[in-house]
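K.L.:
What follows is a structure written as structure tokens; I'll ask about it next.
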Amino acid sequence: MSVRCVGIQWNPSKATGLEVARKLIHTLLKKGVQLVVNPELFEVLKIPDIRTGGFDDCQLLIVMGGDGTILSGLDSAIPLDLPILGVNLGRLGFLTEIEINDLDERMIDRLLAGDFSVDTRTTLMLEGYDRLHYFALNDIIIAREMPFVRIISLEYEANGTLVDCISGDGLIVATATGSTAYSLSAGGPVVLPGLDCLLLTPICPHTLNARPVVVSADERITVRLLDDRGGAQAVLDGRRSISLNRDNPEITIRRSDRPARFVRLRERNYFQLLRSKLSEWTH
């Protein structure tokens, strides 16, 4: 595959990456590549040979930022089935593929020649909601909606079979990719991203027997609110939410048929990645 049209999404809060983006754009233009950038980058650079708007014509989306920027980039990438190359401008950058110093002309030539593999990751969706809008790569968290401290009571099922009833701060339904996100902080296991599974991780359960459970990614997970005092919400990747209350007391979560796709330029030693990213994550 020869890449002739590239999209670039840049996080304007990461000012350190602006010159890298500028250099990348000039290199790509020199090689005759069509470029589409997000409006924030377009306004800052004002380069006449690039355009802004949708990424419909692109074959690749380069996302410059951290993990949060990549999650935002999925809004464009998933409907168009675009592979994402993540360039880390943040601190953790667990989802990113390369650091800014790696983005040299040799790397760019590899990208344009299609000399890369694509890593496909499971995403989650909510039944009854727009799958291209209400999706999550990492997790869907069911937690209290009001800001005051109180427990909520939930029950959750896998394919119609009761898994558990819990009272506490809530429940995390995570993909293997999301096992190193909030689920990890809540005591869930680290799961290799190639495993086809979902994690059900209680958040601070007020009971001794509630433990994380790993189920097949083919399971349909129904979570039901048992106590509607103050309400609850389902939060998708920390970005979108829906309310759960007496009128809408449950949601069903399942694997989406629209996966996330990530460009890989090298073999990834996942255990080394864990050590380098998580062991040094102190602030």
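Labeling convention for the structure tokens: chains A, B, ... as they appear, residues from 1 per chain, ligands from 1 in order of appearance.
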Using only C-alpha atoms, what does the table of stretch 139-167 of chain A residues within 12 Å of stretch 248-266 of chain A look like, with each row giving the shortest atom pair and its distance in Å to one decimal, sorted by chain and ascending number, as a Markdown table?
P.N.:
```
| residue | atom | partner | partner_atom | distance |
| --- | --- | --- | --- | --- |
| A:Asp139 | CA | A:Ile253 | CA | 10.3 |
| A:Ile140 | CA | A:Ile253 | CA | 8.3 |
| A:Ile141 | CA | A:Ile253 | CA | 10.8 |
| A:Ile142 | CA | A:Ile251 | CA | 9.5 |
| A:Ser153 | CA | A:Pro249 | CA | 11.4 |
| A:Leu154 | CA | A:Glu250 | CA | 9.4 |
| A:Glu155 | CA | A:Glu250 | CA | 9.5 |
| A:Tyr156 | CA | A:Glu250 | CA | 9.3 |
| A:Glu157 | CA | A:Thr252 | CA | 9.2 |
| A:Ala158 | CA | A:Thr252 | CA | 9.5 |
| A:Asn159 | CA | A:Thr252 | CA | 9.7 |
| A:Gly160 | CA | A:Thr252 | CA | 10.3 |
```
K.L.:
So which bits of stretch 103-208 of chain A end up strand (DSSP E or B) when you DSSP the backbone, as a PyMOL selection string?
P.N.:
chain A and resi 117-121+124-126+135-136+139-144+152-158+161-168+170-175+197-203
K.L.:
Produce a table with one row for each residue of stretch 149-252 of chain A that has an atom at most 12 Å from any atom of stretch 93-107 of chain A, each row naming the nearest atom pair and its distance in Å at one decimal; use only C-alpha atoms; arrange rows by chain and rising residue number; format as CSV.
P.N.:
```
residue,atom,partner,partner_atom,distance
A:Thr177,CA,A:Leu95,CA,8.8
A:Gly178,CA,A:Leu95,CA,10.1
A:Ser179,CA,A:Phe94,CA,11.5
A:Thr180,CA,A:Phe94,CA,8.7
A:Ala181,CA,A:Phe94,CA,9.3
A:Pro193,CA,A:Leu95,CA,11.0
```
K.L.:
Any chance you could list, as a list of chain:residue names, the residues in stretch 160-205 of chain A that come up alpha helix (DSSP H) when DSSP is run on the backbone?
P.N.:
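After running DSSP on the backbone, stretch 160-205 of chain A has alpha helix (DSSP H) at A:Tyr182, A:Ser183, A:Leu184, A:Ser185.
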K.L.:
Output the selection as a CSV table (one decimal), in the first residue's frame - C-alpha atoms for each residue.
P.N.:
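Result file again_30.csv:
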```
chain,number,residue,atom,x,y,z
A,182,TYR,CA,-8.5,2.6,35.5
A,183,SER,CA,-9.0,-1.1,36.0
A,184,LEU,CA,-5.4,-1.5,37.0
A,185,SER,CA,-5.7,1.2,39.7
```
K.L.:
Taking only C-alpha atoms into account, which of A:Asn11, A:Thr52, A:Gly168, A:Glu267 comes nearest A:Asp119?
P.N.:
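Answer, going by the shortest atom-to-atom distance: A:Glu267.
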K.L.:
With a distance cut-off of 12 Å and only C-alpha atoms, select the neighbouring residues of A:Cys165, excluding the residue or stretch itself and same-chain residues fewer than 4 positions from it, and output the selection as a PyMOL selection string.
P.N.:
chain A and resi 152-157+161+170-171+202+205-207+209-211+222-227
K.L.:
Work out how far atom CA of A:Ala232 is from atom CA of A:Asn245, in Å to one decimal.
P.N.:
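So the answer is 6.5 Å.
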K.L.:
I'd like the neighbourhood of stretch 74-78 of chain A as a CSV table (one decimal) with C-alpha atoms, in the first residue's frame, where a residue qualifies if any of its atoms comes within 10 Å (using only C-alpha atoms), though same-chain residues fewer than 3 positions away should be ignored.
P.N.:
```csv
chain,number,residue,atom,x,y,z
A,7,GLY,CA,-4.4,13.2,8.3
A,9,GLN,CA,-4.4,15.6,14.6
A,54,GLY,CA,-12.8,15.7,7.6
A,55,PHE,CA,-10.3,12.9,7.1
A,56,ASP,CA,-12.4,11.0,4.6
A,58,CYS,CA,-6.9,9.9,4.1
A,59,GLN,CA,-5.3,6.5,4.3
A,60,LEU,CA,-3.5,7.1,7.7
A,61,LEU,CA,-4.1,9.4,10.7
A,63,VAL,CA,-2.1,11.7,16.1
A,69,THR,CA,-5.5,12.7,22.2
A,70,ILE,CA,-5.5,9.2,20.6
A,71,LEU,CA,-8.9,8.5,22.3
A,81,ASP,CA,-11.5,2.5,9.4
A,82,LEU,CA,-8.3,4.5,9.5
A,83,PRO,CA,-5.1,3.2,11.1
A,84,ILE,CA,-3.6,5.6,13.7
A,123,THR,CA,-13.7,-1.6,21.3
A,131,ARG,CA,-22.0,2.6,17.7
A,132,LEU,CA,-19.9,5.3,16.0
A,133,HIS,CA,-20.5,7.8,18.8
A,134,TYR,CA,-20.9,5.8,22.0
A,135,PHE,CA,-17.9,3.5,21.9
A,136,ALA,CA,-14.8,2.9,24.2
A,137,LEU,CA,-11.4,1.5,23.6
A,258,ARG,CA,-15.7,-1.5,14.6
A,259,PRO,CA,-12.3,-2.1,16.1
A,260,ALA,CA,-9.5,0.5,16.6
A,261,ARG,CA,-6.5,0.0,14.3
A,262,PHE,CA,-2.9,1.1,15.3
```
K.L.:
Looking at only C-alpha atoms, which of A:Asn88, A:Ser72, A:Asn269, A:Ser216 is the one that sits closest to A:Arg239?
P.N.:
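Answer, going by the shortest atom-to-atom distance: A:Ser72.
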